[in-house]
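The file my_file.cif contains mmCIF, C-alpha atoms:
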data_coords
#
loop_
_atom_site.label_atom_id
_atom_site.label_comp_id
_atom_site.auth_asym_id
_atom_site.auth_seq_id
_atom_site.Cartn_x
_atom_site.Cartn_y
_atom_site.Cartn_z
CA MET A 1 17.17 137.01 193.76
CA LYS A 2 15.85 138.84 190.76
CA LYS A 3 12.48 140.37 190.82
CA GLY A 4 10.20 140.52 187.74
CA ILE A 5 6.77 141.91 187.22
CA SER A 6 3.96 140.36 189.13
CA ALA A 7 1.64 137.85 187.48
CA PHE A 8 -1.25 140.28 187.95
CA LEU A 9 0.58 143.12 186.16
CA ALA A 10 1.63 140.76 183.34
CA SER A 11 -1.99 139.67 182.87
CA VAL A 12 -3.20 143.28 182.76
CA LEU A 13 -0.55 144.22 180.17
CA LEU A 14 -1.36 141.17 178.03
CA ILE A 15 -5.10 141.84 178.13
CA THR A 16 -4.54 145.54 177.32
CA THR A 17 -2.30 144.65 174.34
CA VAL A 18 -4.82 142.15 172.98
CA PHE A 19 -7.63 144.69 173.41
CA ILE A 20 -5.70 147.43 171.54
CA VAL A 21 -4.77 145.06 168.69
CA GLY A 22 -8.41 143.97 168.54
CA LEU A 23 -9.55 147.61 168.22
CA ILE A 24 -7.06 148.25 165.41
CA VAL A 25 -8.14 145.14 163.48
CA THR A 26 -11.84 145.95 164.00
CA ASN A 27 -11.36 149.51 162.71
CA TRP A 28 -9.39 148.26 159.70
CA MET A 29 -12.00 145.61 158.84
CA GLY A 30 -14.77 148.21 159.19
CA GLN A 31 -13.06 150.45 156.64
CA ILE A 32 -12.62 147.57 154.20
CA THR A 33 -16.27 146.59 154.62
CA ARG A 34 -17.51 150.14 154.00
CA THR A 35 -15.31 150.51 150.89
CA THR A 36 -16.45 147.16 149.49
CA GLN A 37 -20.10 147.97 150.19
CA ALA A 38 -19.84 151.36 148.44
CA THR A 39 -18.20 149.74 145.40
CA ALA A 40 -20.91 147.07 145.25
CA GLU A 41 -23.66 149.70 145.55
CA ASN A 42 -22.15 151.74 142.68
CA LYS A 43 -21.90 148.67 140.43
CA THR A 44 -25.45 147.64 141.30
CA ALA A 45 -26.80 151.11 140.50
CA GLU A 46 -24.91 151.14 137.20
CA ALA A 47 -26.15 147.66 136.27
CA THR A 48 -29.74 148.63 137.12
CA GLN A 49 -29.47 151.80 135.05
CA CYS A 50 -27.89 149.95 132.12
CA ALA A 51 -30.64 147.32 132.16
CA SER A 52 -33.08 149.94 130.86
CA ALA A 53 -30.66 151.75 128.52
CA GLY A 54 -30.95 151.92 124.74
CA ILE A 55 -29.76 154.13 121.88
CA THR A 56 -30.76 154.52 118.24
CA ILE A 57 -28.96 156.14 115.31
CA ASP A 58 -31.82 158.02 113.64
CA ASP A 59 -29.89 159.36 110.64
CA VAL A 60 -26.47 159.63 109.05
CA TYR A 61 -25.50 162.62 106.90
CA LEU A 62 -22.32 162.44 104.79
CA ASN A 63 -20.35 164.90 102.71
CA SER A 64 -16.85 164.96 101.25
CA THR A 65 -15.31 166.37 104.44
CA GLY A 66 -16.94 164.01 106.95
CA GLY A 67 -20.41 163.58 108.31
CA ARG A 68 -22.70 163.62 111.30
CA LEU A 69 -24.82 161.15 113.21
CA ILE A 70 -28.18 161.90 114.81
CA VAL A 71 -28.34 159.71 117.93
CA ARG A 72 -31.31 159.32 120.27
CA ASN A 73 -31.39 157.90 123.79
CA SER A 74 -34.29 155.51 123.23
CA GLY A 75 -34.03 153.79 126.63
CA GLN A 76 -35.06 154.80 130.12
CA ALA A 77 -31.57 155.55 131.49
CA ASP A 78 -30.32 159.05 132.25
CA ASN A 79 -26.67 160.10 132.22
CA LEU A 80 -25.81 157.63 129.48
CA GLN A 81 -22.34 158.24 128.09
CA ILE A 82 -21.33 157.73 124.47
CA LYS A 83 -17.92 156.08 124.56
CA SER A 84 -17.22 156.02 120.82
CA ALA A 85 -18.75 156.79 117.44
CA ILE A 86 -17.38 155.33 114.22
CA LEU A 87 -18.12 155.96 110.53
CA LEU A 88 -16.81 153.25 108.19
CA ASN A 89 -16.45 153.48 104.43
CA THR A 90 -16.47 150.52 102.04
CA SER A 91 -12.66 150.50 101.73
CA GLY A 92 -12.34 149.83 105.47
CA SER A 93 -11.21 153.30 106.53
CA SER A 94 -12.93 154.89 109.48
CA LEU A 95 -13.55 158.12 111.32
CA THR A 96 -13.67 157.72 115.10
CA ILE A 97 -14.75 160.07 117.86
CA PRO A 98 -14.10 158.85 121.42
CA ASP A 99 -16.17 160.29 124.29
CA ALA A 100 -18.68 162.12 122.08
CA ASP A 101 -21.00 163.16 124.94
CA THR A 102 -20.88 162.83 128.70
CA ASP A 103 -24.51 163.42 129.70
CA PHE A 104 -27.09 161.85 127.43
CA ASP A 105 -30.50 161.71 129.13
CA LYS A 106 -33.53 159.62 128.16
CA GLY A 107 -35.33 160.98 125.11
CA GLU A 108 -32.45 163.36 124.29
CA ILE A 109 -31.24 163.65 120.69
CA ILE A 110 -27.65 164.67 119.99
CA THR A 111 -25.59 165.28 116.87
CA ILE A 112 -22.12 163.80 116.60
CA ASN A 113 -19.97 165.60 114.02
CA PHE A 114 -17.08 163.98 112.15
CA SER A 115 -14.33 165.78 110.29
CA SER A 116 -12.51 163.71 107.71
CA PRO A 117 -8.77 163.63 107.21
CA THR A 118 -7.71 163.22 103.58
CA SER A 119 -7.26 159.45 104.01
CA VAL A 120 -10.97 158.76 104.68
CA SER A 121 -13.40 159.59 101.92
CA PHE A 122 -17.14 159.43 101.41
CA ASN A 123 -16.97 161.21 98.02
CA SER A 124 -19.10 158.62 96.22
CA CYS A 125 -21.92 158.79 98.72
CA PRO A 126 -23.96 156.70 99.37
CA SER A 127 -22.03 153.83 97.74
CA SER A 128 -18.84 154.56 99.75
CA PHE A 129 -20.69 154.25 103.10
CA SER A 130 -20.49 150.95 104.97
CA LYS A 131 -21.90 151.60 108.46
CA ALA A 132 -21.95 153.77 111.56
CA ILE A 133 -21.55 152.40 115.09
CA VAL A 134 -22.12 154.16 118.42
CA SER A 135 -21.26 152.51 121.75
CA THR A 136 -22.04 153.57 125.31
CA ASN A 137 -20.66 153.11 128.80
CA CYS A 138 -23.22 150.33 129.32
CA GLY A 139 -21.75 147.08 128.03
CA GLY A 140 -23.79 145.71 125.15
CA ILE A 141 -25.73 148.94 124.61
CA SER A 142 -24.77 150.21 121.18
CA ALA A 143 -26.39 151.04 117.85
CA GLU A 144 -25.46 150.29 114.26
CA PHE A 145 -26.69 152.09 111.15
CA THR A 146 -26.32 150.17 107.87
CA THR A 147 -29.05 151.68 105.72
CA THR A 148 -28.53 154.39 103.13
CA PRO A 149 -27.22 157.69 104.53
CA LYS A 150 -28.25 161.13 103.36
CA CYS A 151 -25.63 162.79 101.14
CA SER A 152 -24.85 166.44 100.64
#
For this file, write the structure as structure tokens.
Amino acid sequence: MKKGISAFLASVLLITTVFIVGLIVTNWMGQITRTTQATAENKTAEATQCASAGITIDDVYLNSTGGRLIVRNSGQADNLQIKSAILLNTSGSSLTIPDADTDFDKGEIITINFSSPTSVSFNSCPSSFSKAIVSTNCGGISAEFTTTPKCS
């Protein structure tokens, strides 16, 4: 006659195994929940900040070698980031500067400088100027300048 483990010992082993697996799953789910909550909190904070964000292009200065934009944070958001700045001429050529500034606080005024390669020209300023566009890290928060720039 073969002897196996007793029914009591089998029950104890089964309960212990289920308990350990339960602890592992609970720990894993807790980590997922904390990560998801942190991500949601970050997105909520960003959305709240972006709701009060705004920028304005105060002036555009052009010369034969490029130009500069005077940009003001006209909203209530701090740490606004300029993702791109573009100067367009009437022939469709453009000067682009990605990531112009990484910390743009409310009320702050910055200057974005452009240097022109030979293929982009604003020599017949202001008639060669089309527009300037600045976009931020907040979706939908951007500024466009289409009035007459200052020429030097």
Of the candidates A:Lys150, A:Arg34, A:Lys83, A:Lys3, which one gets nearest to Thr96 of chain A if we count only C-alpha atoms?
A:Lys83
Could you name the residues that touch segment 45-54 of chain A at 12 Å or less, counting all atoms listed in the file, but leaving out those on the same chain fewer than 6 positions away, as number ranges by chain?
A: 38-39, 71-82, 104-108, 134-144
Store the residues picked out above, limited to C-alpha atoms, as a tab-separated table (two decimals), keeping the file's coordinate frame.
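File written: again-v9.tsv
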chain	number	residue	atom	x	y	z
A	38	ALA	CA	-19.84	151.36	148.44
A	39	THR	CA	-18.20	149.74	145.40
A	71	VAL	CA	-28.34	159.71	117.93
A	72	ARG	CA	-31.31	159.32	120.27
A	73	ASN	CA	-31.39	157.90	123.79
A	74	SER	CA	-34.29	155.51	123.23
A	75	GLY	CA	-34.03	153.79	126.63
A	76	GLN	CA	-35.06	154.80	130.12
A	77	ALA	CA	-31.57	155.55	131.49
A	78	ASP	CA	-30.32	159.05	132.25
A	79	ASN	CA	-26.67	160.10	132.22
A	80	LEU	CA	-25.81	157.63	129.48
A	81	GLN	CA	-22.34	158.24	128.09
A	82	ILE	CA	-21.33	157.73	124.47
A	104	PHE	CA	-27.09	161.85	127.43
A	105	ASP	CA	-30.50	161.71	129.13
A	106	LYS	CA	-33.53	159.62	128.16
A	107	GLY	CA	-35.33	160.98	125.11
A	108	GLU	CA	-32.45	163.36	124.29
A	134	VAL	CA	-22.12	154.16	118.42
A	135	SER	CA	-21.26	152.51	121.75
A	136	THR	CA	-22.04	153.57	125.31
A	137	ASN	CA	-20.66	153.11	128.80
A	138	CYS	CA	-23.22	150.33	129.32
A	139	GLY	CA	-21.75	147.08	128.03
A	140	GLY	CA	-23.79	145.71	125.15
A	141	ILE	CA	-25.73	148.94	124.61
A	142	SER	CA	-24.77	150.21	121.18
A	143	ALA	CA	-26.39	151.04	117.85
A	144	GLU	CA	-25.46	150.29	114.26
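Of the residues listed (A:Ser64, A:Ser127, A:Thr56, A:Thr111), A:Ser127 shows the shortest atom-to-atom separation from Ser91 of chain A; distances use only C-alpha atoms.
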Find the spatial neighbours of Phe122 of chain A, counting all atoms listed in the file, within a cut-off of 7 Å - ignore same-chain residues fewer than 4 positions away - and output them as a ChimeraX atom specification.
/A:62-64,89,128-129
Could you tell me which residues the PyMOL selection byres ((chain A and resi 90) around 12) returns for this structure, as a compact mmCIF listing (two decimals) with C-alpha atoms, in the coordinates of the input?
# COMPACT_ATOMS: atom_id res chain seq x y z
CA LEU A 87 -18.12 155.96 110.53
CA LEU A 88 -16.81 153.25 108.19
CA ASN A 89 -16.45 153.48 104.43
CA SER A 91 -12.66 150.50 101.73
CA GLY A 92 -12.34 149.83 105.47
CA SER A 93 -11.21 153.30 106.53
CA SER A 94 -12.93 154.89 109.48
CA VAL A 120 -10.97 158.76 104.68
CA SER A 121 -13.40 159.59 101.92
CA PHE A 122 -17.14 159.43 101.41
CA ASN A 123 -16.97 161.21 98.02
CA SER A 124 -19.10 158.62 96.22
CA CYS A 125 -21.92 158.79 98.72
CA PRO A 126 -23.96 156.70 99.37
CA SER A 127 -22.03 153.83 97.74
CA SER A 128 -18.84 154.56 99.75
CA PHE A 129 -20.69 154.25 103.10
CA SER A 130 -20.49 150.95 104.97
CA LYS A 131 -21.90 151.60 108.46
CA ALA A 132 -21.95 153.77 111.56
CA THR A 146 -26.32 150.17 107.87
Kindly resolve the PyMOL selection byres ((chain A and resi 60) around 6) on the present coordinates and return the residues as a PyMOL selection string.
chain A and resi 59+61+68-69+149
For the atom pair atom CA of Ile24 of chain A and atom CA of Ala40 of chain A, what is the interatomic distance in Å to one decimal place?
24.5 Å
What's the separation between atom CA of Ile86 of chain A and atom CA of Ile109 of chain A, in Å to one decimal place?
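Distance between the two atoms: 17.4 Å.
Put simply, atom CA of Ser152 of chain A is 29.2 Å away from atom CA of Asp103 of chain A.
Distances from A:Thr16, A:Ser115, A:Pro98, A:Ile57 to Thr147 of chain A were compared using all atoms listed in the file, and the smallest one belongs to A:Ile57.
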